[in-house]
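Novice: Okay, here's the structure, questions in a sec.
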Amino acid sequence: MKHVIAVIVENKPGVLARVSSMFARRGFNIHSLTVGPTEDDTMSRMTVVVDGPEMEQIIKQLYKLVHTVKVTEFEPGTAIEREIMLVRVNADAKRRGEILDAARVWEARAVDVGVATITFEVTGPPERLADFLQLMNSYGIVSLAKSGRIALPRDQKSNKKQLKSA
Amino acid sequence: MAEQLTGAEALIRSLEYEGVEVVFGMPGGAILPAYDPLLDSSIRHVLARHEQGAGHMASGYAHATGRVGVAVVTSGPAATNILTALQDAYMDSVPMVVVSGQVATTAIGNDAFQEAHTWGMSMPATKHNELVTSADEIPDLIREAFHLASTGRKGPVLIDIPKDVLGATMTWHRPGEVRLPGYRPAVKGHPKQVKAAVDLIERSERPVFYVGGGVVAAGATEELQRFAEMIHVPMVTTLMARGAFPDSNPLNLGMPGMHGTYTATTALQRSDLLITLGARFDDRITGDVKQFAPEAKVIHVDIDPAEIGKIRFADVPIVGDAKIVLEQLIAQTERGGPQPNRDAWFAAINEWRTTHPLSYEQDPDGPIQQQYVIEELQRLTGGDATIVAGVGQHQMWTSQFWRFEEPRRWINSGGLGTMGYAVPAAIGAKAGRPEDVVFAIDGDGCFQMTGSELITAAVENIPIKVAVMNNASLGMVKQWQNLFYDGRLSQTALSPTVPDFVKFAEACGCVGLRADRPSEVAGVIEQALAINDRPVLIEFTCDPEAMVFPMVPAGGSNDDIILSREDLA
């Protein structure tokens, strides 16, 4: 089962290396990891999607890193989760119309059109991206770039589980 | 006007500000600027012969004194050499600060001479590390390093300083308050959990204290003694906790685990409640975790939340400092009910003790047994010695047979099992507590890894004593080959005569002595104890065939203890 955790870390050089090194050393599997700025420029937010059952250890080991300030695990369905992807699909003249019609339904934006391919930008919850990919598979995916997941808790305090370090 | 200093001067002043009295190290290219102001400092520098040695010296110093041990080394190979000592200290939660030089910031990443990615390599081997990018940061980063090393779960911190940063000018300022928003080690146990622990103890018929190195680190030995006697519960003291509770107290059952006493290992195994203090359910203690202490509930007190539940589920988790939590447990117990009758539990323990004591035989005409040397050392020093061990058979026998009465007099490499630890760690211990007799008990294999630090001991006038138990083999590895590889001995034989340890000691400026027969043991020890102006090495020609028992084979159940060679037939 995949778990999504938000890790607030001090915005310092090397903090990503510290986190990824800890995951590697402890044998924890990272599905995806994103890092970026927050509303407080001394802090960064990491969103980590992890596989596996050792959530308690993962959270505790994250807290052991001196630059980790706060770790929050999202219960399923309690967070707004988004990914972005760029996907280039085969689209010869014959099938171009059909592909664009399908893309419209998914709110996928055509961001580049070539002689034999179309590149779409899709944003949304991970499941939506997966569904779109499945659909495009039948046309032939030429290349794919996908961001990791970002997430914020929904604005309902009772829905999130916060794990304090002490 | 504010005082202008170089980064190097700021570094030395910051170390003085921390009250550092001695650093262990070796100069070299990138750290050169720091060695100049060191000449004018009150800080003593002990010149090691290898940076790994400098690291273990800092560790031995920290073990013996309870203060932060400090090592200073240069970049590249010096930094990689000290990595072993960092990992060793990390595994055993030893407070250390290592300052390493680095190539200039302009050269970093260019594969410059003696460049190594010290920050990246030391990251998983330290509690924390920093690469300093500006001389202005030095006072605060050194303060932070000492704060991190010596609080919470203690451990090593590395500060990597590029040469141009050491040479740059900065305006001196005393370090400010440490500002680490993510670092808030818990100190006091949660009162609800403390009450739950006391309730559980009051309902337990077969409780046992499982005491680890955290009790020594927290300076909690008096509180432990008070609490143990108050509730009259037996205890086991792990390899890292020998001396946390007096061996002369009948409540102490000794060391548990792979080479623990039958009574200690079996008491854990049959217990219905483990009162775990500053211990981490290491595989050398538990054997097969699934079969470990199957009927026991667990109270787990640790300053590191990540240790709780890592290996074994804790029924009552208590995050906190062992000393403070013990005080809380004492106060709560005073308000609580009576302890149940545990006569049957003590009867069982006493039965195991009587039927399965630690034992060995010294044939007066046979080869020297290491246990005999250890007992003679104890007798002739009156037990008033700091004992430092390497890793292997001699270490296990020392832990088994030395009667430890106080904390910080037993120093060894537990978690990492670093062969070669003893000699440099003994130097560090003696530098920190010069009035104490410091005896390294080492194996011939271990000694050959770091024995060159005898030169440091002699030249720096740090008169340690070293007992080399020469069994002409990598004894513990050979024991495993005998037990688990059908006696096919592969690369575990060392030469019985090369090196000549006595001549080696003499060449290093030390006194060298040798005992080949049991009848000579007491005499050479007395000779060694009479020499206090130079380091002394005694070589004991020991039985090469001896094996350490009891033994629980790695990964086996603690129910299946091999007690002697006869058990193997």
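Residues in the structure tokens are named by chain (A, B, ... in the order shown) and by number from 1 within that chain; ligands are numbered from 1 in the order shown.
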Neighbours of Ser138 in chain A within 10 Å (only C-alpha atoms; same-chain residues fewer than 3 positions away dropped), as a short mmCIF file (atom, residue, chain, number, x, y, z; two decimals) with N, CA, C and O atoms, in the first residue's frame?

Specialist:
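Dumped to out06.cif:
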```cif
data_model
loop_
_atom_site.label_atom_id
_atom_site.label_comp_id
_atom_site.auth_asym_id
_atom_site.auth_seq_id
_atom_site.Cartn_x
_atom_site.Cartn_y
_atom_site.Cartn_z
N VAL A 89 2.21 11.22 -27.67
CA VAL A 89 1.59 10.01 -28.22
C VAL A 89 1.66 10.04 -29.75
O VAL A 89 1.71 11.11 -30.38
N ASN A 90 1.67 8.86 -30.31
CA ASN A 90 1.61 8.75 -31.77
C ASN A 90 0.26 9.29 -32.25
O ASN A 90 -0.78 8.90 -31.73
N LEU A 133 -3.33 7.81 -19.20
CA LEU A 133 -2.21 7.06 -19.77
C LEU A 133 -2.67 5.74 -20.37
O LEU A 133 -2.26 5.33 -21.45
N GLN A 134 -3.57 5.11 -19.66
CA GLN A 134 -4.08 3.83 -20.13
C GLN A 134 -4.79 4.00 -21.48
O GLN A 134 -4.59 3.21 -22.41
N LEU A 135 -5.54 5.07 -21.53
CA LEU A 135 -6.27 5.36 -22.77
C LEU A 135 -5.30 5.62 -23.92
O LEU A 135 -5.43 5.10 -25.03
N ILE A 141 2.48 5.36 -26.77
CA ILE A 141 3.14 6.46 -26.06
C ILE A 141 4.60 6.52 -26.49
O ILE A 141 5.32 5.52 -26.42
#
```

Novice: Residues of chain B near chain A: apply a cut-off of 12 Å, count only C-alpha atoms, and supply the list as a PyMOL selection string.

Specialist: chain B and resi 119-133+144-145+147-149+152-154+157+179-190+302-311+313+317-320

Novice: For Thr265 in chain B, which residue out of B:Arg353, B:Lys195, B:Arg342, B:Arg280 is the nearest one, using only C-alpha atoms?

Specialist: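 Once distances to Thr265 in chain B are computed over only C-alpha atoms, the minimum belongs to B:Arg353.
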
Novice: If we count only C-alpha atoms and set the cut-off at 10 Å, which residues sit around range 99-105 of chain A, ignoring sequence neighbours fewer than 2 positions away in its own chain? Please answer as number ranges by chain.

Specialist: A: 89-92, 94-97, 107-110, 118, 120-122, 132, 135-136, 139

Novice: Which neighbours of Glu81 in chain A fall inside 7 Å, counting only C-alpha atoms, when residues of the same chain fewer than 6 positions from it are skipped, and could you give them as an MDAnalysis selection string?

Specialist: chainID A and resid 125 149:152

Novice: Write out as an MDAnalysis selection string all residues of range 31-276 of chain B that backbone DSSP assigns to strand (DSSP E).

Specialist: chainID B and resid 44:47 69:73 96:102 128:131 156:162 169:171 207:211 235:237 273:276

Novice: Need to verify the contact set: Asp444 in chain B, 10 Å, only C-alpha atoms, exclusion of same-chain residues closer than 6 positions in sequence. Can you return it as a list in words?

Specialist: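 Final neighbour list, sorted by chain and number: Gly390, His394, Gly420, Gly451, Ala467, Val468, Met469, Asn470, Asn471, Ala472, Ser473, Leu474, Gly475, Leu494, Ser495, Pro496, Pro499, Phe501, Glu539, Phe540 and Thr541 of chain B.
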
Novice: Could the residues in this selection be saved with all heavy atoms as a compact mmCIF listing (two decimals), in the first residue's frame?

Specialist:
```txt
# COMPACT_ATOMS: atom_id res chain seq x y z
N GLY B 390 39.21 -4.71 22.57
CA GLY B 390 39.00 -4.74 21.13
C GLY B 390 37.74 -5.55 20.84
O GLY B 390 36.77 -5.49 21.60
N HIS B 394 38.54 -12.18 23.18
CA HIS B 394 39.05 -11.54 24.39
C HIS B 394 38.05 -10.54 24.95
O HIS B 394 37.91 -10.38 26.16
CB HIS B 394 40.38 -10.83 24.08
CG HIS B 394 40.22 -9.64 23.18
ND1 HIS B 394 40.14 -9.74 21.81
CD2 HIS B 394 40.05 -8.33 23.47
CE1 HIS B 394 39.97 -8.53 21.31
NE2 HIS B 394 39.91 -7.66 22.27
N GLY B 420 40.61 -3.40 16.51
CA GLY B 420 41.60 -2.33 16.56
C GLY B 420 41.18 -1.16 17.42
O GLY B 420 41.89 -0.16 17.51
N GLY B 451 48.05 -1.15 16.44
CA GLY B 451 49.11 -1.19 17.45
C GLY B 451 50.13 -0.07 17.31
O GLY B 451 50.82 0.28 18.27
N ALA B 467 47.36 -5.50 27.41
CA ALA B 467 47.52 -6.96 27.49
C ALA B 467 47.14 -7.53 26.13
O ALA B 467 45.99 -7.43 25.72
CB ALA B 467 46.62 -7.53 28.57
N VAL B 468 48.12 -8.09 25.43
CA VAL B 468 47.81 -8.72 24.14
C VAL B 468 47.61 -10.22 24.38
O VAL B 468 48.54 -10.91 24.81
CB VAL B 468 48.93 -8.49 23.11
CG1 VAL B 468 48.61 -9.24 21.81
CG2 VAL B 468 49.08 -6.99 22.82
N MET B 469 46.40 -10.66 24.15
CA MET B 469 46.10 -12.09 24.31
C MET B 469 46.45 -12.77 22.99
O MET B 469 45.64 -12.78 22.05
CB MET B 469 44.61 -12.27 24.61
CG MET B 469 44.11 -11.46 25.80
SD MET B 469 44.74 -12.12 27.35
CE MET B 469 43.53 -11.46 28.50
N ASN B 470 47.65 -13.30 22.92
CA ASN B 470 48.12 -13.85 21.65
C ASN B 470 47.74 -15.32 21.53
O ASN B 470 48.40 -16.20 22.09
CB ASN B 470 49.64 -13.67 21.56
CG ASN B 470 50.17 -14.14 20.21
OD1 ASN B 470 49.38 -14.52 19.33
ND2 ASN B 470 51.47 -14.12 20.05
N ASN B 471 46.66 -15.56 20.80
CA ASN B 471 46.30 -16.96 20.52
C ASN B 471 46.62 -17.31 19.06
O ASN B 471 46.11 -18.29 18.52
CB ASN B 471 44.84 -17.24 20.86
CG ASN B 471 43.89 -16.38 20.05
OD1 ASN B 471 44.31 -15.58 19.23
ND2 ASN B 471 42.59 -16.55 20.29
N ALA B 472 47.43 -16.49 18.45
CA ALA B 472 47.93 -16.75 17.09
C ALA B 472 46.79 -17.01 16.11
O ALA B 472 46.92 -17.78 15.16
CB ALA B 472 48.91 -17.92 17.08
N SER B 473 45.67 -16.37 16.36
CA SER B 473 44.57 -16.54 15.40
C SER B 473 43.56 -15.40 15.53
O SER B 473 43.55 -14.67 16.52
CB SER B 473 43.87 -17.88 15.61
OG SER B 473 43.58 -18.08 16.96
N LEU B 474 42.75 -15.29 14.49
CA LEU B 474 41.56 -14.47 14.57
C LEU B 474 40.55 -15.37 15.28
O LEU B 474 39.77 -16.09 14.66
CB LEU B 474 41.09 -14.07 13.17
CG LEU B 474 42.13 -13.27 12.35
CD1 LEU B 474 41.71 -13.16 10.90
CD2 LEU B 474 42.32 -11.88 12.95
N GLY B 475 40.61 -15.33 16.61
CA GLY B 475 40.02 -16.39 17.42
C GLY B 475 38.52 -16.57 17.24
O GLY B 475 38.03 -17.69 17.14
N LEU B 494 47.10 -16.73 12.51
CA LEU B 494 48.10 -15.67 12.50
C LEU B 494 49.41 -16.31 12.98
O LEU B 494 49.40 -17.38 13.58
CB LEU B 494 47.69 -14.53 13.43
CG LEU B 494 46.35 -13.85 13.10
CD1 LEU B 494 46.00 -12.82 14.18
CD2 LEU B 494 46.41 -13.17 11.75
N SER B 495 50.49 -15.65 12.75
CA SER B 495 51.76 -16.22 13.18
C SER B 495 51.88 -16.15 14.69
O SER B 495 51.60 -15.11 15.30
CB SER B 495 52.91 -15.44 12.54
OG SER B 495 54.11 -15.75 13.22
N PRO B 496 52.32 -17.24 15.33
CA PRO B 496 52.52 -17.18 16.78
C PRO B 496 53.75 -16.36 17.17
O PRO B 496 53.87 -15.93 18.31
CB PRO B 496 52.70 -18.65 17.18
CG PRO B 496 53.11 -19.35 15.93
CD PRO B 496 52.56 -18.58 14.76
N PRO B 499 54.28 -10.58 14.60
CA PRO B 499 55.46 -9.86 15.08
C PRO B 499 55.87 -10.34 16.47
O PRO B 499 55.05 -10.94 17.17
CB PRO B 499 54.96 -8.41 15.14
CG PRO B 499 53.51 -8.55 15.48
CD PRO B 499 53.06 -9.78 14.77
N PHE B 501 55.85 -9.28 19.77
CA PHE B 501 55.14 -8.16 20.41
C PHE B 501 56.00 -7.40 21.41
O PHE B 501 55.85 -6.20 21.59
CB PHE B 501 53.85 -8.67 21.07
CG PHE B 501 52.78 -9.07 20.09
CD1 PHE B 501 52.57 -10.41 19.79
CD2 PHE B 501 52.01 -8.12 19.45
CE1 PHE B 501 51.59 -10.79 18.87
CE2 PHE B 501 51.03 -8.49 18.54
CZ PHE B 501 50.83 -9.82 18.25
N GLU B 539 52.57 -9.40 26.50
CA GLU B 539 52.04 -10.43 25.61
C GLU B 539 51.79 -11.69 26.44
O GLU B 539 52.68 -12.17 27.14
CB GLU B 539 53.06 -10.73 24.50
CG GLU B 539 52.61 -11.88 23.60
CD GLU B 539 53.72 -12.36 22.66
OE1 GLU B 539 54.85 -11.85 22.75
OE2 GLU B 539 53.44 -13.25 21.85
N PHE B 540 50.57 -12.20 26.36
CA PHE B 540 50.25 -13.47 26.99
C PHE B 540 50.09 -14.51 25.90
O PHE B 540 49.26 -14.35 24.99
CB PHE B 540 48.95 -13.37 27.80
CG PHE B 540 49.04 -12.43 28.97
CD1 PHE B 540 48.62 -11.11 28.86
CD2 PHE B 540 49.56 -12.86 30.19
CE1 PHE B 540 48.71 -10.24 29.93
CE2 PHE B 540 49.66 -11.99 31.27
CZ PHE B 540 49.23 -10.67 31.15
N THR B 541 50.91 -15.55 25.96
CA THR B 541 50.79 -16.61 24.97
C THR B 541 49.63 -17.51 25.39
O THR B 541 49.71 -18.22 26.38
CB THR B 541 52.09 -17.43 24.91
OG1 THR B 541 53.19 -16.51 24.77
CG2 THR B 541 52.08 -18.40 23.75
```

Novice: Please, what distance in Å, to one decimal, runs between CA of Gly415 in chain B and CA of Tyr90 in chain B?

Specialist: 8.7 Å
